[in-house]
file model_36.txt (compact mmCIF, N, CA and C atoms)
# COMPACT_ATOMS: atom_id res chain seq x y z
N MET L 1 0.81 -1.19 0.00
CA MET L 1 0.00 0.00 0.00
C MET L 1 0.86 1.26 0.00
N ALA L 2 1.96 1.27 0.74
CA ALA L 2 2.81 2.45 0.79
C ALA L 2 3.37 2.80 -0.58
N ASP L 3 3.54 1.80 -1.45
CA ASP L 3 4.07 2.09 -2.77
C ASP L 3 3.13 2.97 -3.58
N ARG L 4 1.86 2.95 -3.27
CA ARG L 4 0.89 3.80 -3.99
C ARG L 4 1.07 5.28 -3.67
N THR L 5 1.69 5.59 -2.54
CA THR L 5 1.88 7.00 -2.16
C THR L 5 3.04 7.63 -2.91
N ARG L 6 3.88 6.79 -3.53
CA ARG L 6 5.09 7.25 -4.19
C ARG L 6 6.01 7.96 -3.21
N ALA L 7 5.94 7.56 -1.95
CA ALA L 7 6.73 8.19 -0.90
C ALA L 7 8.17 7.69 -0.90
N GLU L 8 8.41 6.57 -1.61
CA GLU L 8 9.73 5.97 -1.66
C GLU L 8 10.20 5.69 -0.24
N SER L 9 11.36 6.22 0.16
CA SER L 9 11.90 5.88 1.48
C SER L 9 11.25 6.68 2.61
N GLY L 10 10.46 7.68 2.28
CA GLY L 10 9.84 8.53 3.31
C GLY L 10 8.40 8.16 3.62
N TRP L 11 8.04 6.92 3.39
CA TRP L 11 6.64 6.53 3.60
C TRP L 11 6.19 6.70 5.04
N TYR L 12 7.12 6.62 5.99
CA TYR L 12 6.75 6.76 7.40
C TYR L 12 6.27 8.18 7.69
N GLY L 13 6.75 9.16 6.92
CA GLY L 13 6.24 10.53 7.05
C GLY L 13 4.77 10.61 6.68
N HIS L 14 4.39 9.80 5.69
CA HIS L 14 2.97 9.74 5.31
C HIS L 14 2.15 9.11 6.43
N CYS L 15 2.73 8.17 7.14
CA CYS L 15 2.04 7.55 8.26
C CYS L 15 1.72 8.61 9.31
N GLU L 16 2.70 9.44 9.67
CA GLU L 16 2.47 10.53 10.62
C GLU L 16 1.40 11.48 10.10
N GLN L 17 1.47 11.79 8.81
CA GLN L 17 0.53 12.72 8.21
C GLN L 17 -0.89 12.19 8.29
N VAL L 18 -1.09 10.95 7.94
CA VAL L 18 -2.44 10.36 7.95
C VAL L 18 -2.97 10.25 9.37
N LEU L 19 -2.12 9.85 10.32
CA LEU L 19 -2.57 9.80 11.71
C LEU L 19 -2.98 11.19 12.19
N GLY L 20 -2.21 12.21 11.81
CA GLY L 20 -2.55 13.60 12.15
C GLY L 20 -3.89 14.01 11.56
N TRP L 21 -4.13 13.65 10.30
CA TRP L 21 -5.43 13.95 9.66
C TRP L 21 -6.56 13.26 10.41
N PHE L 22 -6.36 12.00 10.75
CA PHE L 22 -7.38 11.24 11.47
C PHE L 22 -7.74 11.94 12.78
N LEU L 23 -6.74 12.36 13.52
CA LEU L 23 -6.99 13.01 14.80
C LEU L 23 -7.68 14.37 14.62
N ALA L 24 -7.18 15.16 13.67
CA ALA L 24 -7.78 16.47 13.42
C ALA L 24 -9.23 16.32 12.98
N TYR L 25 -9.51 15.35 12.15
CA TYR L 25 -10.87 15.10 11.70
C TYR L 25 -11.79 14.77 12.88
N ASN L 26 -11.21 14.13 13.89
CA ASN L 26 -11.99 13.73 15.05
C ASN L 26 -11.95 14.76 16.17
N GLY L 27 -11.62 16.00 15.82
CA GLY L 27 -11.77 17.11 16.75
C GLY L 27 -10.57 17.44 17.62
N ILE L 28 -9.45 16.80 17.40
CA ILE L 28 -8.26 17.11 18.19
C ILE L 28 -7.52 18.24 17.48
N ASP L 29 -7.13 19.24 18.26
CA ASP L 29 -6.41 20.39 17.73
C ASP L 29 -5.27 19.94 16.81
N GLU L 30 -5.10 20.65 15.71
CA GLU L 30 -4.12 20.24 14.70
C GLU L 30 -2.70 20.11 15.25
N GLU L 31 -2.29 21.05 16.08
CA GLU L 31 -0.94 20.98 16.66
C GLU L 31 -0.82 19.78 17.60
N ARG L 32 -1.83 19.55 18.41
CA ARG L 32 -1.81 18.39 19.31
C ARG L 32 -1.83 17.09 18.50
N ALA L 33 -2.59 17.07 17.42
CA ALA L 33 -2.64 15.89 16.56
C ALA L 33 -1.27 15.58 15.99
N ARG L 34 -0.56 16.60 15.56
CA ARG L 34 0.80 16.42 15.03
C ARG L 34 1.72 15.87 16.12
N GLU L 35 1.62 16.41 17.33
CA GLU L 35 2.45 15.94 18.44
C GLU L 35 2.19 14.47 18.74
N ILE L 36 0.93 14.08 18.77
CA ILE L 36 0.56 12.69 19.06
C ILE L 36 1.13 11.77 17.98
N ALA L 37 0.94 12.14 16.72
CA ALA L 37 1.42 11.31 15.62
C ALA L 37 2.95 11.19 15.65
N GLU L 38 3.64 12.30 15.88
CA GLU L 38 5.11 12.27 15.94
C GLU L 38 5.58 11.43 17.12
N SER L 39 4.88 11.53 18.24
CA SER L 39 5.26 10.75 19.43
C SER L 39 5.10 9.26 19.17
N ALA L 40 4.03 8.90 18.49
CA ALA L 40 3.76 7.48 18.22
C ALA L 40 4.74 6.91 17.21
N VAL L 41 5.02 7.65 16.14
CA VAL L 41 5.82 7.14 15.03
C VAL L 41 7.30 7.46 15.20
N GLY L 42 7.60 8.65 15.63
CA GLY L 42 8.93 9.22 15.70
C GLY L 42 10.13 8.28 15.77
N GLY L 43 10.77 8.04 14.64
CA GLY L 43 12.00 7.29 14.59
C GLY L 43 11.87 5.78 14.74
N ARG L 44 10.67 5.27 14.80
CA ARG L 44 10.50 3.83 15.01
C ARG L 44 10.50 3.02 13.72
N PHE L 45 10.28 3.69 12.60
CA PHE L 45 10.27 2.99 11.32
C PHE L 45 11.59 3.25 10.61
N GLY L 46 12.18 2.21 10.05
CA GLY L 46 13.41 2.37 9.30
C GLY L 46 13.13 2.69 7.84
N SER L 47 14.04 3.38 7.23
CA SER L 47 13.92 3.71 5.82
C SER L 47 14.07 2.48 4.94
N TRP L 48 13.38 2.47 3.84
CA TRP L 48 13.50 1.46 2.80
C TRP L 48 13.02 0.06 3.21
N THR L 49 12.50 -0.09 4.40
CA THR L 49 12.04 -1.41 4.82
C THR L 49 10.65 -1.32 5.41
N ALA L 50 9.87 -2.33 5.16
CA ALA L 50 8.56 -2.40 5.80
C ALA L 50 8.77 -2.74 7.28
N PRO L 51 7.97 -2.15 8.15
CA PRO L 51 8.14 -2.43 9.58
C PRO L 51 7.71 -3.85 9.93
N ASP L 52 8.40 -4.43 10.91
CA ASP L 52 7.98 -5.76 11.34
C ASP L 52 6.78 -5.64 12.29
N VAL L 53 6.21 -6.74 12.63
CA VAL L 53 4.98 -6.77 13.43
C VAL L 53 5.19 -6.11 14.80
N VAL L 54 6.34 -6.31 15.40
CA VAL L 54 6.61 -5.74 16.72
C VAL L 54 6.61 -4.21 16.66
N VAL L 55 7.21 -3.65 15.63
CA VAL L 55 7.26 -2.19 15.48
C VAL L 55 5.85 -1.64 15.25
N VAL L 56 5.09 -2.26 14.39
CA VAL L 56 3.72 -1.82 14.13
C VAL L 56 2.90 -1.88 15.41
N ASP L 57 3.06 -2.94 16.18
CA ASP L 57 2.34 -3.08 17.44
C ASP L 57 2.74 -1.98 18.42
N THR L 58 4.03 -1.68 18.50
CA THR L 58 4.51 -0.63 19.39
C THR L 58 3.93 0.72 19.01
N VAL L 59 3.99 1.05 17.73
CA VAL L 59 3.47 2.33 17.26
C VAL L 59 1.96 2.43 17.49
N SER L 60 1.23 1.40 17.14
CA SER L 60 -0.22 1.46 17.31
C SER L 60 -0.62 1.52 18.78
N SER L 61 0.12 0.84 19.64
CA SER L 61 -0.17 0.89 21.07
C SER L 61 0.11 2.27 21.65
N ARG L 62 1.24 2.86 21.27
CA ARG L 62 1.57 4.22 21.72
C ARG L 62 0.52 5.22 21.25
N PHE L 63 0.14 5.08 20.01
CA PHE L 63 -0.86 5.98 19.44
C PHE L 63 -2.17 5.86 20.21
N ALA L 64 -2.63 4.65 20.45
CA ALA L 64 -3.90 4.42 21.15
C ALA L 64 -3.84 4.97 22.58
N ARG L 65 -2.75 4.74 23.28
CA ARG L 65 -2.63 5.23 24.67
C ARG L 65 -2.64 6.74 24.71
N THR L 66 -1.93 7.38 23.78
CA THR L 66 -1.87 8.84 23.77
C THR L 66 -3.22 9.43 23.42
N VAL L 67 -3.89 8.87 22.43
CA VAL L 67 -5.21 9.37 22.05
C VAL L 67 -6.20 9.18 23.19
N ASP L 68 -6.15 8.05 23.84
CA ASP L 68 -7.05 7.78 24.95
C ASP L 68 -6.86 8.80 26.06
N GLY L 69 -5.62 9.21 26.31
CA GLY L 69 -5.33 10.19 27.34
C GLY L 69 -5.71 11.61 26.95
N THR L 70 -5.93 11.85 25.66
CA THR L 70 -6.27 13.18 25.15
C THR L 70 -7.76 13.47 25.30
N ARG L 71 -8.56 12.45 25.23
CA ARG L 71 -10.01 12.65 25.26
C ARG L 71 -10.53 12.90 26.63

call {"tool": "encode", "arguments": {"input": "model_36.txt", "output": "C-alpha cells"}}
result
Amino acid sequence: MADRTRAESGWYGHCEQVLGWFLAYNGIDEERAREIAESAVGGRFGSWTAPDVVVVDTVSSRFARTVDGTR
C-alpha cells in the first residue's frame, strides 16, 4: 500500500501525516494531533524497509494510549 503513495523511502512521514489527519478530523487540535502522531511514530520505522509486526504493534499501542489520554 505504501508504494501507492510514491513516498519511496519517506513513507513513514505519510504515516504521521495520515494519523494527524485522522486526529484532526476527530476534533483534536491540529498541533496536538501532530504531536501525538510524531510521538507514536517518531524514529521507530526504518527507511526502505517495511516495519515488522513488533514495530507496528509498538506504534499502534503508543498511538492508542496517547489518544485515549487526550479525550

call {"tool": "atom_distance", "arguments": {"input": "model_36.txt", "atom1": "atom N of L:Gly69", "atom2": "atom CA of L:Val56"}}
result
18.9 Å

call {"tool": "axis_aligned_box", "arguments": {"input": "model_36.txt", "around": "stretch 17-22 of chain L", "padding_each_side": "5 Å", "output": "AutoDock Vina command-line options"}}
result
--center_x -3.1 --center_y 11.9 --center_z 10.4 --size_x 19.2 --size_y 14.2 --size_z 14.8

call {"tool": "residues_around", "arguments": {"input": "model_36.txt", "residues": "L:Val55", "least_positions_apart": "6", "cutoff": "8 Å", "atoms": "only N, CA and C atoms", "output": "ChimeraX atom specification"}}
result
/L:44-45,61

call {"tool": "atom_distance", "arguments": {"input": "model_36.txt", "atom1": "atom N of L:Glu31", "atom2": "atom N of L:Pro51"}}
result
26.6 Å

call {"tool": "residues_near_point", "arguments": {"input": "model_36.txt", "point": "(1.3, 10.1, 19.2)", "cutoff": "9 Å", "atoms": "only C-alpha atoms", "output": "ChimeraX atom specification"}}
result
/L:16,19-20,32-42,59-60,62-67

call {"tool": "select_by_dssp", "arguments": {"input": "model_36.txt", "residues": "stretch 18-58 of chain L", "states": "helix (DSSP H, G or I)", "output": "PyMOL selection string"}}
result
chain L and resi 18-25+30-41+53-58

call {"tool": "atom_distance", "arguments": {"input": "model_36.txt", "atom1": "atom CA of L:Asp52", "atom2": "atom CA of L:Val18"}}
result
19.5 Å

call {"tool": "decode", "arguments": {"input": "model_36.txt", "residues": "stretch 44-69 of chain L", "atoms": "N, CA, C and O atoms", "output": "compact mmCIF listing (two decimals), in the first residue's frame"}}
result
# COMPACT_ATOMS: atom_id res chain seq x y z
N ARG L 44 10.67 5.27 14.80
CA ARG L 44 10.50 3.83 15.01
C ARG L 44 10.50 3.02 13.72
O ARG L 44 10.66 1.82 13.75
N PHE L 45 10.28 3.69 12.60
CA PHE L 45 10.27 2.99 11.32
C PHE L 45 11.59 3.25 10.61
O PHE L 45 12.05 4.39 10.55
N GLY L 46 12.18 2.21 10.05
CA GLY L 46 13.41 2.37 9.30
C GLY L 46 13.13 2.69 7.84
O GLY L 46 12.10 2.30 7.29
N SER L 47 14.04 3.38 7.23
CA SER L 47 13.92 3.71 5.82
C SER L 47 14.07 2.48 4.94
O SER L 47 14.82 1.57 5.27
N TRP L 48 13.38 2.47 3.84
CA TRP L 48 13.50 1.46 2.80
C TRP L 48 13.02 0.06 3.21
O TRP L 48 13.20 -0.88 2.48
N THR L 49 12.50 -0.09 4.40
CA THR L 49 12.04 -1.41 4.82
C THR L 49 10.65 -1.32 5.41
O THR L 49 10.30 -0.34 6.07
N ALA L 50 9.87 -2.33 5.16
CA ALA L 50 8.56 -2.40 5.80
C ALA L 50 8.77 -2.74 7.28
O ALA L 50 9.66 -3.50 7.62
N PRO L 51 7.97 -2.15 8.15
CA PRO L 51 8.14 -2.43 9.58
C PRO L 51 7.71 -3.85 9.93
O PRO L 51 6.79 -4.40 9.33
N ASP L 52 8.40 -4.43 10.91
CA ASP L 52 7.98 -5.76 11.34
C ASP L 52 6.78 -5.64 12.29
O ASP L 52 6.40 -4.54 12.69
N VAL L 53 6.21 -6.74 12.63
CA VAL L 53 4.98 -6.77 13.43
C VAL L 53 5.19 -6.11 14.80
O VAL L 53 4.32 -5.40 15.29
N VAL L 54 6.34 -6.31 15.40
CA VAL L 54 6.61 -5.74 16.72
C VAL L 54 6.61 -4.21 16.66
O VAL L 54 6.05 -3.54 17.53
N VAL L 55 7.21 -3.65 15.63
CA VAL L 55 7.26 -2.19 15.48
C VAL L 55 5.85 -1.64 15.25
O VAL L 55 5.46 -0.64 15.86
N VAL L 56 5.09 -2.26 14.39
CA VAL L 56 3.72 -1.82 14.13
C VAL L 56 2.90 -1.88 15.41
O VAL L 56 2.15 -0.96 15.73
N ASP L 57 3.06 -2.94 16.18
CA ASP L 57 2.34 -3.08 17.44
C ASP L 57 2.74 -1.98 18.42
O ASP L 57 1.89 -1.38 19.08
N THR L 58 4.03 -1.68 18.50
CA THR L 58 4.51 -0.63 19.39
C THR L 58 3.93 0.72 19.01
O THR L 58 3.43 1.46 19.86
N VAL L 59 3.99 1.05 17.73
CA VAL L 59 3.47 2.33 17.26
C VAL L 59 1.96 2.43 17.49
O VAL L 59 1.47 3.43 18.01
N SER L 60 1.23 1.40 17.14
CA SER L 60 -0.22 1.46 17.31
C SER L 60 -0.62 1.52 18.78
O SER L 60 -1.55 2.24 19.15
N SER L 61 0.12 0.84 19.64
CA SER L 61 -0.17 0.89 21.07
C SER L 61 0.11 2.27 21.65
O SER L 61 -0.68 2.81 22.43
N ARG L 62 1.24 2.86 21.27
CA ARG L 62 1.57 4.22 21.72
C ARG L 62 0.52 5.22 21.25
O ARG L 62 0.10 6.09 22.01
N PHE L 63 0.14 5.08 20.01
CA PHE L 63 -0.86 5.98 19.44
C PHE L 63 -2.17 5.86 20.21
O PHE L 63 -2.75 6.86 20.63
N ALA L 64 -2.63 4.65 20.45
CA ALA L 64 -3.90 4.42 21.15
C ALA L 64 -3.84 4.97 22.58
O ALA L 64 -4.80 5.61 23.04
N ARG L 65 -2.75 4.74 23.28
CA ARG L 65 -2.63 5.23 24.67
C ARG L 65 -2.64 6.74 24.71
O ARG L 65 -3.27 7.35 25.57
N THR L 66 -1.93 7.38 23.78
CA THR L 66 -1.87 8.84 23.77
C THR L 66 -3.22 9.43 23.42
O THR L 66 -3.66 10.39 24.04
N VAL L 67 -3.89 8.87 22.43
CA VAL L 67 -5.21 9.37 22.05
C VAL L 67 -6.20 9.18 23.19
O VAL L 67 -6.97 10.08 23.50
N ASP L 68 -6.15 8.05 23.84
CA ASP L 68 -7.05 7.78 24.95
C ASP L 68 -6.86 8.80 26.06
O ASP L 68 -7.82 9.24 26.68
N GLY L 69 -5.62 9.21 26.31
CA GLY L 69 -5.33 10.19 27.34
C GLY L 69 -5.71 11.61 26.95
O GLY L 69 -5.82 12.49 27.79
